[in-house]
Amino acid sequence: MVRIRRLDNGNVRVHIDCRLRTGSVRQYFSMPKEDGPRDEEPTPFAEILARSFRWKDMLLTGTCGGKTALAQAVGIHKSNLIPAMRLPYLSPVIVEKAMDGELEGASFRGLCKIRSPFWYDQHKALGLD
């Protein structure tokens, strides 16, 4: 079920019901049965991107006290959490190209190494001028 709500500050919040399903090692997002079958499983990049937005939200709302507490809450080591926390600040162009598989030679670790918050610098680092 999809719920769309306009917030008082003018933003729009979209909520999509999904379940976190655990495979042997990986975790997958799956939609409830009433929404029908999914066409394809999300890519690992899509999964970590969704998680990083959720983790950023948890930090900004104060759900977790800090990065160490957040890492303990989600069950991963802090050294894996911190690079992933840079993903929500990537340029929308970079995210879209990564989701479509159009970024040549760009890996999750490579995208996490982009430290600049400025989109121009991010594009320059990946050669998207």
# chains A, B, ... in the order shown; residues from 1 in each chain; ligands from 1
$ residues_around --residues "Tyr89 in chain A" --least-positions-apart "6" --cutoff "12 Å" --atoms "only C-alpha atoms" --output "list in words"
Leu49, Ser52, Phe53, Lys56, Pro83, Val95, Leu111, Cys112, Lys113, Ile114, Arg115, Ser116, Pro117, Phe118, Trp119 and Gln122 of chain A
$ select_by_dssp --residues "chain A" --states "alpha helix (DSSP H)" --output "ChimeraX atom specification"
/A:44-61,67-74,78-84,92-100,108-112,119-126
$ select_by_dssp --residues "range 4-119 of chain A" --states "strand (DSSP E or B)" --output "VMD selection string"
chain A and resid 4 to 6 12 to 16 19 to 22 27 to 30
$ closest_residue --among "A:Ala98, A:Met85, A:Val2, A:Ile76" --to "Leu60 in chain A" --atoms "only C-alpha atoms"
A:Met85
